[in-house]
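Colleague: Following this line is data-v8.txt, made up of compact mmCIF, C-alpha atoms and all ligand atoms:
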# COMPACT_ATOMS: atom_id res chain seq x y z
CA MET A 1 14.66 -5.44 27.72
CA GLN A 2 15.95 -8.31 25.62
CA LYS A 3 12.88 -8.10 23.39
CA GLU A 4 13.19 -4.32 23.06
CA LYS A 5 16.80 -4.67 21.97
CA LYS A 6 15.88 -7.28 19.41
CA GLU A 7 13.03 -5.14 18.07
CA GLU A 8 15.29 -2.09 17.92
CA ASN A 9 17.81 -4.08 15.91
CA LEU A 10 15.02 -5.23 13.67
CA MET A 11 14.28 -1.65 12.58
CA GLU A 12 17.98 -1.06 11.88
CA LYS A 13 18.17 -4.29 9.93
CA ILE A 14 15.14 -3.40 7.81
CA VAL A 15 16.36 0.13 7.06
CA SER A 16 19.78 -1.17 6.07
CA LEU A 17 18.37 -4.03 3.97
CA CYS A 18 16.08 -1.55 2.17
CA LYS A 19 19.07 0.56 1.16
CA ARG A 20 21.45 -2.30 0.39
CA ARG A 21 18.98 -4.13 -1.82
CA GLY A 22 17.52 -1.10 -3.56
CA PHE A 23 14.11 -0.78 -1.93
CA VAL A 24 14.14 2.60 -0.16
CA PHE A 25 16.70 5.42 0.07
CA GLN A 26 16.75 8.59 2.15
CA GLY A 27 15.34 11.45 0.04
CA SER A 28 17.98 13.84 -1.40
CA GLU A 29 20.62 11.72 0.34
CA ILE A 30 23.70 13.09 -1.44
CA TYR A 31 22.81 16.58 -0.17
CA GLY A 32 22.34 15.50 3.43
CA GLY A 33 18.74 14.36 3.00
CA LEU A 34 15.42 16.12 3.50
CA ALA A 35 13.65 15.06 6.70
CA GLY A 36 10.45 13.11 6.17
CA THR A 37 11.10 12.18 2.54
CA TYR A 38 12.19 8.87 1.03
CA ASP A 39 13.00 7.75 -2.51
CA TRP A 40 11.93 4.35 -3.76
CA GLY A 41 14.44 2.15 -5.60
CA HIS A 42 13.70 -0.48 -8.24
CA TYR A 43 12.50 -3.22 -5.86
CA GLY A 44 10.71 -0.78 -3.55
CA VAL A 45 8.66 0.56 -6.46
CA ALA A 46 7.82 -2.99 -7.52
CA LEU A 47 6.77 -3.94 -3.98
CA LYS A 48 4.66 -0.81 -3.58
CA ASN A 49 3.02 -1.37 -6.98
CA ASN A 50 2.15 -4.96 -6.08
CA ILE A 51 0.55 -3.85 -2.82
CA LYS A 52 -1.42 -1.14 -4.63
CA GLN A 53 -2.48 -3.57 -7.34
CA SER A 54 -3.66 -6.13 -4.81
CA TRP A 55 -5.73 -3.37 -3.13
CA TRP A 56 -7.15 -2.08 -6.43
CA LYS A 57 -8.04 -5.60 -7.53
CA LYS A 58 -9.88 -6.42 -4.31
CA PHE A 59 -11.69 -3.13 -3.83
CA LEU A 60 -12.33 -2.08 -7.43
CA ASP A 61 -11.79 -4.70 -10.12
CA ASN A 62 -13.56 -7.46 -8.21
CA ARG A 63 -16.61 -5.30 -7.43
CA ARG A 64 -19.37 -3.55 -9.36
CA ASP A 65 -20.08 -0.71 -6.93
CA MET A 66 -16.75 1.16 -6.91
CA TYR A 67 -15.47 3.99 -9.11
CA GLY A 68 -11.81 4.95 -9.39
CA ILE A 69 -10.50 8.48 -9.59
CA ASP A 70 -7.12 10.17 -9.84
CA ALA A 71 -7.67 13.76 -8.74
CA ALA A 72 -5.16 16.63 -8.84
CA ILE A 73 -2.89 17.09 -5.84
CA LEU A 74 -3.24 20.87 -6.05
CA MET A 75 -6.78 21.96 -5.25
CA ASN A 76 -8.56 25.27 -4.96
CA ALA A 77 -7.88 26.56 -1.43
CA LYS A 78 -11.64 26.86 -0.87
CA VAL A 79 -11.81 23.06 -0.60
CA TRP A 80 -9.73 23.16 2.56
CA GLU A 81 -11.52 26.17 3.95
CA VAL A 82 -15.03 24.69 3.72
CA THR A 83 -13.93 21.36 5.17
CA GLY A 84 -12.38 23.05 8.17
CA HIS A 85 -8.90 21.81 7.32
CA VAL A 86 -7.34 25.25 7.22
CA ALA A 87 -8.57 25.85 10.75
CA ASN A 88 -8.34 22.33 12.18
CA PHE A 89 -5.59 20.39 10.43
CA ALA A 90 -3.04 21.18 13.05
CA ASP A 91 -0.99 19.60 15.83
CA LEU A 92 -0.29 21.38 19.09
CA LEU A 93 3.16 22.50 19.56
CA ASP A 94 4.15 24.31 22.74
CA GLY A 95 0.58 25.53 23.02
CA LYS A 96 0.67 27.11 19.57
CA GLN A 97 -1.42 25.96 16.62
CA PHE A 98 0.91 24.72 13.94
CA ASN A 99 -0.60 24.18 10.55
CA THR A 100 0.58 20.96 8.97
CA MET A 101 -0.72 21.66 5.49
CA LEU A 102 2.06 22.43 3.00
CA LYS A 103 1.32 25.75 1.41
CA THR A 104 2.36 26.71 -2.09
CA GLU A 105 1.70 29.45 -4.61
CA VAL A 106 -0.01 28.87 -7.92
CA GLY A 107 0.45 31.34 -10.78
CA ALA A 108 3.68 32.78 -12.18
CA LYS A 109 2.81 36.52 -12.29
CA LYS A 110 2.79 38.31 -8.95
CA GLU A 111 -0.71 39.73 -9.46
CA ASP A 112 -2.15 36.27 -10.35
CA VAL A 113 -0.64 34.34 -7.48
CA ALA A 114 -3.12 32.27 -5.45
CA ILE A 115 -2.39 30.29 -2.31
CA SER A 116 -2.87 26.57 -2.71
CA TYR A 117 -2.12 23.54 -0.53
CA LEU A 118 -0.62 20.16 -1.29
CA ARG A 119 -3.47 17.90 -0.24
CA PRO A 120 -3.10 16.41 3.26
CA GLU A 121 -5.44 13.51 2.34
CA THR A 122 -6.74 12.09 -0.92
CA ALA A 123 -10.34 12.03 0.38
CA GLN A 124 -11.36 15.52 -0.78
CA GLY A 125 -10.36 14.70 -4.37
CA MET A 126 -13.18 12.16 -4.27
CA PHE A 127 -15.79 14.35 -2.57
CA VAL A 128 -15.31 17.23 -5.03
CA ASN A 129 -15.81 14.75 -7.87
CA PHE A 130 -18.92 13.21 -6.36
CA LYS A 131 -21.29 14.99 -8.75
CA ASN A 132 -19.08 14.25 -11.79
CA THR A 133 -19.08 10.59 -10.86
CA VAL A 134 -22.83 10.43 -10.27
CA ASP A 135 -23.52 12.26 -13.58
CA ALA A 136 -21.12 10.09 -15.56
CA PHE A 137 -21.97 6.66 -14.18
CA HIS A 138 -25.39 6.97 -12.48
CA PRO A 139 -24.42 4.73 -9.55
CA LYS A 140 -27.12 3.62 -7.10
CA LEU A 141 -26.55 3.72 -3.34
CA PRO A 142 -24.57 2.22 -1.80
CA PHE A 143 -21.52 2.86 -3.97
CA GLY A 144 -17.97 3.98 -3.44
CA MET A 145 -15.15 6.00 -4.90
CA ALA A 146 -11.51 5.02 -4.51
CA GLN A 147 -8.21 6.71 -5.05
CA ILE A 148 -4.52 6.00 -4.64
CA GLY A 149 -2.21 8.98 -4.48
CA LYS A 150 0.25 11.18 -2.68
CA ALA A 151 -0.61 13.22 0.39
CA PHE A 152 1.54 15.78 2.18
CA ARG A 153 1.74 16.84 5.80
CA ASN A 154 4.30 19.16 7.27
CA GLU A 155 4.75 16.81 10.24
CA ILE A 156 6.49 18.46 13.18
CA ALA A 157 8.62 15.40 13.91
CA PRO A 158 8.96 13.03 10.94
CA ARG A 159 10.43 9.77 12.26
CA ASP A 160 10.56 6.00 12.32
CA PHE A 161 11.54 5.48 8.69
CA LEU A 162 8.42 5.16 6.49
CA PHE A 163 6.03 5.55 9.41
CA ARG A 164 5.84 9.33 9.69
CA GLN A 165 6.82 11.20 6.57
CA ARG A 166 6.02 14.59 5.08
CA GLU A 167 5.24 13.11 1.66
CA PHE A 168 3.48 9.76 1.60
CA GLU A 169 0.86 7.80 -0.27
CA GLN A 170 -2.69 6.87 0.64
CA MET A 171 -5.26 4.43 -0.67
CA GLU A 172 -8.69 5.67 0.32
CA ILE A 173 -12.29 4.70 -0.18
CA GLU A 174 -15.35 6.87 0.32
CA TYR A 175 -18.35 4.59 0.51
CA PHE A 176 -21.68 6.42 0.13
CA ILE A 177 -24.65 5.05 2.04
CA ARG A 178 -28.03 5.97 3.47
CA ALA A 179 -27.69 7.43 6.98
CA ASP A 180 -29.58 4.66 8.76
CA GLU A 181 -27.25 1.99 7.37
CA TRP A 182 -23.98 3.35 8.71
CA GLU A 183 -23.51 0.74 11.43
CA LYS A 184 -24.02 -2.13 9.02
CA TYR A 185 -21.53 -0.77 6.49
CA PHE A 186 -19.04 0.24 9.15
CA GLU A 187 -18.97 -3.39 10.28
CA TYR A 188 -18.81 -4.62 6.69
CA TRP A 189 -15.78 -2.47 5.83
CA ARG A 190 -14.07 -3.45 9.06
CA GLY A 191 -14.22 -7.04 7.86
CA GLU A 192 -13.06 -6.17 4.34
CA MET A 193 -10.06 -4.27 5.68
CA LEU A 194 -8.99 -7.13 7.94
CA GLU A 195 -9.40 -9.59 5.09
CA TRP A 196 -7.13 -7.59 2.79
CA MET A 197 -4.48 -7.16 5.51
CA GLU A 198 -4.26 -10.91 5.80
CA GLU A 199 -4.37 -11.39 2.02
CA PHE A 200 -1.33 -9.24 1.28
CA GLY A 201 0.70 -10.88 4.00
CA LEU A 202 0.61 -8.97 7.30
CA ASP A 203 1.35 -10.81 10.52
CA MET A 204 -2.21 -10.60 11.90
CA GLY A 205 -0.95 -11.33 15.41
CA LYS A 206 0.54 -7.82 15.33
CA VAL A 207 -2.63 -6.07 14.14
CA HIS A 208 -4.97 -4.62 16.79
CA GLU A 209 -8.11 -2.54 16.74
CA LEU A 210 -8.46 0.64 18.75
CA GLU A 211 -11.85 2.26 19.24
CA VAL A 212 -10.87 5.93 19.07
CA PRO A 213 -12.45 7.86 21.99
CA ASP A 214 -14.60 10.94 21.32
CA ALA A 215 -11.94 13.45 22.31
CA ASP A 216 -9.33 12.00 19.94
CA ARG A 217 -11.45 11.67 16.80
CA ALA A 218 -11.04 13.95 13.78
CA HIS A 219 -13.54 16.82 13.68
CA TYR A 220 -15.62 15.14 10.96
CA SER A 221 -15.91 11.65 12.42
CA LYS A 222 -18.65 10.09 14.55
CA ARG A 223 -16.92 6.75 14.96
CA THR A 224 -13.34 5.73 14.17
CA ILE A 225 -11.41 2.53 14.53
CA ASP A 226 -7.64 2.67 14.17
CA PHE A 227 -6.04 -0.54 13.04
CA GLU A 228 -2.78 -0.53 14.92
CA PHE A 229 0.38 -2.52 14.33
CA ASP A 230 3.09 -3.64 16.74
CA TYR A 231 6.05 -1.80 15.23
CA PRO A 232 9.41 -2.16 17.01
CA PHE A 233 8.92 1.45 18.21
CA GLY A 234 5.52 0.69 19.72
CA ARG A 235 1.90 -0.07 18.92
CA LYS A 236 0.83 2.67 16.52
CA GLU A 237 -1.67 3.40 13.74
CA LEU A 238 -1.49 1.45 10.52
CA PHE A 239 -4.84 2.12 8.82
CA GLY A 240 -8.13 3.74 9.83
CA LEU A 241 -11.85 3.33 9.40
CA ALA A 242 -14.11 6.34 9.97
CA TYR A 243 -17.78 7.15 9.76
CA ARG A 244 -17.57 10.67 8.30
CA THR A 245 -21.37 11.21 8.41
CA ASP A 246 -22.55 13.63 5.66
CA PHE A 247 -20.01 16.22 6.80
CA ASP A 248 -18.06 16.50 3.55
CA LEU A 249 -20.86 16.37 0.98
CA LYS A 250 -22.86 18.88 3.08
CA ASN A 251 -19.90 21.24 3.21
CA HIS A 252 -19.48 21.05 -0.54
CA LYS A 253 -23.27 21.40 -0.97
CA LEU A 254 -23.47 18.20 -2.94
CA GLU A 255 -26.62 16.12 -3.12
CA TYR A 256 -27.88 12.94 -4.60
CA ILE A 257 -31.28 11.97 -5.99
CA ASP A 258 -32.27 8.62 -4.58
CA GLU A 259 -33.39 6.42 -7.43
CA VAL A 260 -34.84 3.06 -8.35
CA PRO A 261 -33.53 -0.10 -6.68
CA THR A 262 -30.18 -1.47 -7.78
CA PRO A 263 -29.92 -4.37 -10.30
CA GLU A 264 -29.39 -6.82 -7.44
CA GLY A 265 -32.81 -5.82 -6.17
CA VAL A 266 -31.66 -4.03 -3.02
CA GLU A 267 -34.75 -2.38 -1.62
CA ILE A 268 -34.89 1.28 -0.69
CA PRO A 269 -37.69 2.93 1.22
CA THR A 270 -40.27 4.01 -1.39
CA GLU A 271 -40.82 7.37 0.30
CA SER A 272 -37.21 8.36 -0.44
CA VAL A 273 -37.31 7.47 -4.16
CA GLY A 274 -36.76 10.52 -6.37
CA LYS A 275 -35.95 12.74 -3.39
CA LYS A 276 -32.83 14.86 -2.91
CA MET A 277 -30.70 13.66 -0.05
CA THR A 278 -27.14 13.78 1.23
CA PRO A 279 -25.47 10.38 1.43
CA HIS A 280 -23.40 9.50 4.48
CA VAL A 281 -19.89 8.16 4.19
CA ILE A 282 -17.85 5.29 5.55
CA GLU A 283 -14.15 5.83 4.91
CA PRO A 284 -11.63 2.98 4.97
CA THR A 285 -8.17 4.58 4.67
CA PHE A 286 -4.82 2.90 4.13
CA GLY A 287 -1.32 4.37 4.11
CA VAL A 288 0.79 2.72 1.41
CA ASP A 289 4.07 3.45 3.17
CA ARG A 290 2.87 2.08 6.51
CA ALA A 291 1.58 -0.97 4.61
CA VAL A 292 5.08 -1.51 3.20
CA LEU A 293 6.74 -1.01 6.60
CA ALA A 294 4.31 -3.33 8.41
CA LEU A 295 4.75 -5.93 5.68
CA LEU A 296 8.55 -5.78 5.84
CA LEU A 297 8.33 -6.22 9.62
CA SER A 298 5.92 -9.12 9.14
CA VAL A 299 7.94 -11.07 6.57
CA TYR A 300 11.51 -10.43 7.74
CA THR A 301 12.86 -13.79 8.87
CA GLU A 302 16.18 -15.09 10.07
CA ASP A 303 17.26 -18.71 10.27
CA GLU A 304 20.46 -20.65 10.33
CA LYS A 305 21.76 -22.41 7.25
CA ASP A 306 25.06 -24.33 7.31
CA GLY A 307 26.13 -22.61 10.53
CA GLU A 308 25.43 -19.15 9.09
CA VAL A 309 22.59 -16.77 9.87
CA ARG A 310 20.64 -15.93 6.76
CA SER A 311 17.93 -13.30 6.50
CA TYR A 312 15.10 -13.36 4.01
CA LEU A 313 11.82 -11.65 3.24
CA LYS A 314 9.01 -14.15 3.18
CA PHE A 315 6.74 -12.29 0.73
CA LYS A 316 3.80 -14.02 -0.87
CA PRO A 317 4.76 -14.62 -4.53
CA ASN A 318 2.15 -12.17 -5.87
CA ILE A 319 3.55 -9.40 -3.66
CA ALA A 320 7.30 -10.17 -4.02
CA PRO A 321 9.10 -7.60 -6.19
CA VAL A 322 10.80 -10.45 -8.05
CA ILE A 323 9.08 -13.78 -8.74
CA CYS A 324 12.20 -15.59 -9.85
CA ALA A 325 15.85 -14.94 -10.57
CA VAL A 326 17.68 -16.66 -13.42
CA SER A 327 21.39 -17.46 -13.12
CA PRO A 328 23.94 -19.13 -15.35
CA LEU A 329 26.15 -21.20 -13.01
CA LEU A 330 29.28 -19.51 -14.40
CA LYS A 331 29.09 -16.13 -16.02
CA ASN A 332 32.10 -16.63 -18.29
CA LYS A 333 30.81 -19.84 -19.92
CA ILE A 334 29.13 -18.55 -23.02
CA GLU A 335 27.02 -21.72 -23.58
CA LEU A 336 25.53 -21.38 -20.10
CA VAL A 337 24.91 -17.66 -20.44
CA GLU A 338 23.26 -18.02 -23.86
CA TYR A 339 21.06 -20.88 -22.71
CA ALA A 340 20.06 -19.09 -19.51
CA ASN A 341 19.25 -15.89 -21.37
CA ASN A 342 17.53 -17.23 -24.50
CA LYS A 343 15.71 -20.26 -23.20
CA VAL A 344 14.95 -19.32 -19.62
CA TYR A 345 15.20 -15.60 -18.80
CA VAL A 346 13.61 -14.14 -21.97
CA PRO A 347 10.51 -16.39 -22.01
CA LEU A 348 9.95 -16.07 -18.24
CA LYS A 349 10.43 -12.31 -18.38
CA ALA A 350 7.84 -12.10 -21.17
CA GLU A 351 5.41 -14.14 -19.09
CA PHE A 352 5.88 -12.72 -15.59
CA GLY A 353 7.70 -9.38 -15.97
CA ARG A 354 9.09 -9.51 -12.43
CA VAL A 355 12.09 -11.71 -13.34
CA ALA A 356 15.68 -10.84 -12.40
CA TRP A 357 18.95 -11.79 -14.10
CA ASP A 358 21.61 -12.52 -11.51
CA ASP A 359 25.14 -13.61 -12.41
CA ASN A 360 27.03 -11.65 -9.77
CA GLY A 361 29.34 -13.59 -7.39
CA ASN A 362 29.16 -17.27 -6.59
CA ILE A 363 25.87 -19.17 -6.34
CA GLY A 364 25.80 -18.95 -2.53
CA LYS A 365 26.07 -15.15 -2.70
CA ARG A 366 23.34 -14.98 -5.32
CA TYR A 367 21.00 -17.04 -3.16
CA ARG A 368 21.67 -14.81 -0.17
CA ARG A 369 21.02 -11.69 -2.24
CA GLN A 370 17.75 -13.06 -3.67
CA ASP A 371 16.69 -14.21 -0.19
CA GLU A 372 17.05 -10.64 1.04
CA ILE A 373 15.04 -9.34 -1.90
CA GLY A 374 12.43 -11.97 -1.05
CA THR A 375 12.57 -13.80 -4.41
CA PRO A 376 10.60 -17.04 -4.00
CA PHE A 377 12.53 -19.03 -6.68
CA CYS A 378 16.10 -19.06 -7.96
CA ILE A 379 16.67 -20.87 -11.24
CA VAL A 380 20.18 -22.02 -12.10
CA VAL A 381 21.35 -23.15 -15.53
CA ASP A 382 24.30 -25.56 -15.21
CA PHE A 383 26.18 -28.05 -17.38
CA GLU A 384 23.51 -30.69 -16.88
CA THR A 385 21.00 -28.27 -18.43
CA LEU A 386 22.92 -28.37 -21.70
CA THR A 387 22.47 -32.13 -21.93
CA ASP A 388 18.95 -32.72 -20.54
CA ASP A 389 17.11 -29.36 -20.65
CA THR A 390 16.47 -29.28 -16.90
CA VAL A 391 17.38 -26.54 -14.40
CA THR A 392 17.76 -26.32 -10.65
CA VAL A 393 14.94 -24.47 -8.93
CA ARG A 394 15.71 -23.47 -5.38
CA ALA A 395 12.90 -22.44 -3.03
CA ARG A 396 13.55 -19.38 -0.82
CA ASP A 397 11.91 -20.52 2.43
CA THR A 398 13.20 -24.09 2.65
CA GLY A 399 16.36 -23.79 0.57
CA GLU A 400 15.27 -27.04 -1.10
CA GLN A 401 16.26 -27.64 -4.69
CA GLU A 402 14.64 -29.65 -7.43
CA ARG A 403 15.29 -30.30 -11.11
CA VAL A 404 12.58 -28.96 -13.36
CA LYS A 405 12.30 -29.30 -17.13
CA VAL A 406 12.82 -25.98 -18.87
CA ALA A 407 9.66 -26.60 -20.90
CA ASP A 408 7.67 -26.90 -17.63
CA LEU A 409 9.07 -23.81 -15.89
CA LYS A 410 6.22 -21.41 -16.69
CA ASN A 411 3.59 -23.82 -15.40
CA TYR A 412 5.71 -24.75 -12.40
CA ILE A 413 5.85 -21.09 -11.32
CA LYS A 414 2.20 -20.44 -12.18
CA GLU A 415 1.14 -23.33 -9.98
CA LYS A 416 3.18 -22.04 -7.07
CA ILE A 417 1.65 -18.56 -7.29
P1 LIG A 501 -1.32 9.59 12.86
O1 LIG A 501 -2.27 9.63 14.03
O2 LIG A 501 -0.34 8.46 12.93
O3 LIG A 501 -0.70 10.92 12.56
P2 LIG A 501 -3.59 10.04 11.24
O4 LIG A 501 -4.67 9.54 12.12
O5 LIG A 501 -3.33 11.50 11.16
O6 LIG A 501 -2.22 9.28 11.58
P3 LIG A 501 -5.09 9.67 8.87
O7 LIG A 501 -5.39 11.12 8.76
O8 LIG A 501 -6.16 8.75 9.34
O9 LIG A 501 -3.80 9.48 9.80
O10 LIG A 501 -4.46 9.19 7.49
C1 LIG A 501 -4.80 7.95 6.89
C2 LIG A 501 -3.60 7.01 6.78
O11 LIG A 501 -2.51 7.67 6.13
C3 LIG A 501 -3.04 6.57 8.12
O12 LIG A 501 -3.77 5.48 8.62
C4 LIG A 501 -1.63 6.20 7.75
O13 LIG A 501 -1.58 4.88 7.21
C5 LIG A 501 -1.30 7.19 6.66
N1 LIG A 501 -0.49 8.31 7.17
C6 LIG A 501 -0.95 9.39 7.84
N2 LIG A 501 0.04 10.22 8.14
C7 LIG A 501 1.18 9.66 7.64
C8 LIG A 501 2.55 10.08 7.61
N3 LIG A 501 2.94 11.22 8.14
N4 LIG A 501 3.45 9.27 7.01
C9 LIG A 501 3.06 8.08 6.46
N5 LIG A 501 1.78 7.66 6.45
C10 LIG A 501 0.84 8.44 7.03
Any chance you could put this one into structure tokens?

Modeller:
Amino acid sequence: MQKEKKEENLMEKIVSLCKRRGFVFQGSEIYGGLAGTYDWGHYGVALKNNIKQSWWKKFLDNRRDMYGIDAAILMNAKVWEVTGHVANFADLLDGKQFNTMLKTEVGAKKEDVAISYLRPETAQGMFVNFKNTVDAFHPKLPFGMAQIGKAFRNEIAPRDFLFRQREFEQMEIEYFIRADEWEKYFEYWRGEMLEWMEEFGLDMGKVHELEVPDADRAHYSKRTIDFEFDYPFGRKELFGLAYRTDFDLKNHKLEYIDEVPTPEGVEIPTESVGKKMTPHVIEPTFGVDRAVLALLLSVYTEDEKDGEVRSYLKFKPNIAPVICAVSPLLKNKIELVEYANNKVYVPLKAEFGRVAWDDNGNIGKRYRRQDEIGTPFCIVVDFETLTDDTVTVRARDTGEQERVKVADLKNYIKEKI
């Protein structure tokens, strides 16, 4: 009971912090909101971008076998018919089938109007570009395609803040393999997913794997693992890993000609060389919004400083929306403001981008604000700075302060990140 209460409060605290500090706002708030939609403020966008960049770096930039794509959200309705989405992408509501795909009309003149759907997953944007990708880049199996983008589902009951929305973002990979290797690559991607979760800062003690039973799997999947997270509202899905067989490429009638071995010398059975075949697919899928929510729940920390409770977000520096904040001790002392701006803020901003200027309220208030934003370092320019070119750098987690030479600041921060 006690724990439940605490966890319940935690959700309230996170939602209110997100609004107060400019991370996430209710969508269309001034008109009473629109259920299942959220708008991202300055720091929320930065946080989301850092998470997406960390994902893109790990799964694309650091590899030679992945191809990025940014496909259109609106697709020809046939895509969803051949994949079975129009028939199957539904929840059960009071015994009735309720289609969760958001329908729209394309074409301005009445006689030209065609029904289209806002995509409910980014995956099909990759499958329909399979041939384009193979023709353009001649990849050898195994290889993957990856995409980050919006997806839409007309969820019956949007709820739990970012967890269940009608408009959200996905980061998905379709990894194309030979059929007999699916178990090996399923295991491999399971490991990669867990590794990234830890890398971007999730509390791994709250991450669990659920082997999805036959009856609960999507119509296209032969094996699925849900990575679940202990949210305050229960243990629920965070990300997923599915073996989609050759279901999608078969439906789209797309094939691949198995070729010579890859540059690394991976061997393929000689009898399949030069033959048409349909690759099978392992799909690691990640929801960006659930990643943000699970991260906020992982890094939110409270401790007591000088008899007061302070709350802070313990982001890793590469994920934090702001790396450091620069403050003149007093905002009406022109010498301090000029020094802080010209010699500290401008050069750091040019180097790191994610640098904030903060001269609002007294220093204690500024620290508390930056703690809640999750800024790892606060830099204060004071009167001593004017005489010896050093500044105070205060660390978020410990509250400890040290004097650092202005000339060393860039390196000091680089070392810490
Ligand atoms: P759930 O069972 O929670 O409805 P799902 O199994 O339908 O999720 P997938 O189809 O596997 O979800 O979608 C891939 C990922 O997209 C999920 O793991 C999740 O991170 C994210 N996602 C799915 N639906 C939503 C939603 N309504 N709001 C936010 N993120 C979502």

Colleague: Considering all atoms listed in the file, state which residue in the set A:Asn49, A:Thr385, A:Asn411, A:Thr301 is at the smallest distance from A:Leu329.

Modeller: A:Thr385

Colleague: Given only C-alpha atoms as the basis, pick out the residue of A:Ala157, A:Ile417, A:Ala136, A:Leu202 nearest to A:Asn318.

Modeller: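 Closest candidate: A:Ile417.
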
Colleague: At what distance in Å, to one decimal, does atom CA of A:Glu372 lie from atom CA of A:Asn50?

Modeller: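 Here the two named atoms are 17.5 Å from each other.
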
Colleague: How many Å separate atom CA of A:Glu415 from atom CA of A:Ile373?

Modeller: 21.3 Å

Colleague: Could I get the residue neighbourhood of ligand LIG 501 (chain A) at 7 Å, counting only C-alpha atoms and all ligand atoms, as a PyMOL selection string?

Modeller: chain A and resi 121+153+155+158+162-170+236-240+285-290

Colleague: Next, the residues of the selection above should be written as a CSV table (one decimal), in the frame of the given file with C-alpha atoms.

Modeller:
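Produced file selection_7.csv, reproduced below:
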chain,number,residue,atom,x,y,z
A,121,GLU,CA,-5.4,13.5,2.3
A,153,ARG,CA,1.7,16.8,5.8
A,155,GLU,CA,4.8,16.8,10.2
A,158,PRO,CA,9.0,13.0,10.9
A,162,LEU,CA,8.4,5.2,6.5
A,163,PHE,CA,6.0,5.6,9.4
A,164,ARG,CA,5.8,9.3,9.7
A,165,GLN,CA,6.8,11.2,6.6
A,166,ARG,CA,6.0,14.6,5.1
A,167,GLU,CA,5.2,13.1,1.7
A,168,PHE,CA,3.5,9.8,1.6
A,169,GLU,CA,0.9,7.8,-0.3
A,170,GLN,CA,-2.7,6.9,0.6
A,236,LYS,CA,0.8,2.7,16.5
A,237,GLU,CA,-1.7,3.4,13.7
A,238,LEU,CA,-1.5,1.4,10.5
A,239,PHE,CA,-4.8,2.1,8.8
A,240,GLY,CA,-8.1,3.7,9.8
A,285,THR,CA,-8.2,4.6,4.7
A,286,PHE,CA,-4.8,2.9,4.1
A,287,GLY,CA,-1.3,4.4,4.1
A,288,VAL,CA,0.8,2.7,1.4
A,289,ASP,CA,4.1,3.4,3.2
A,290,ARG,CA,2.9,2.1,6.5
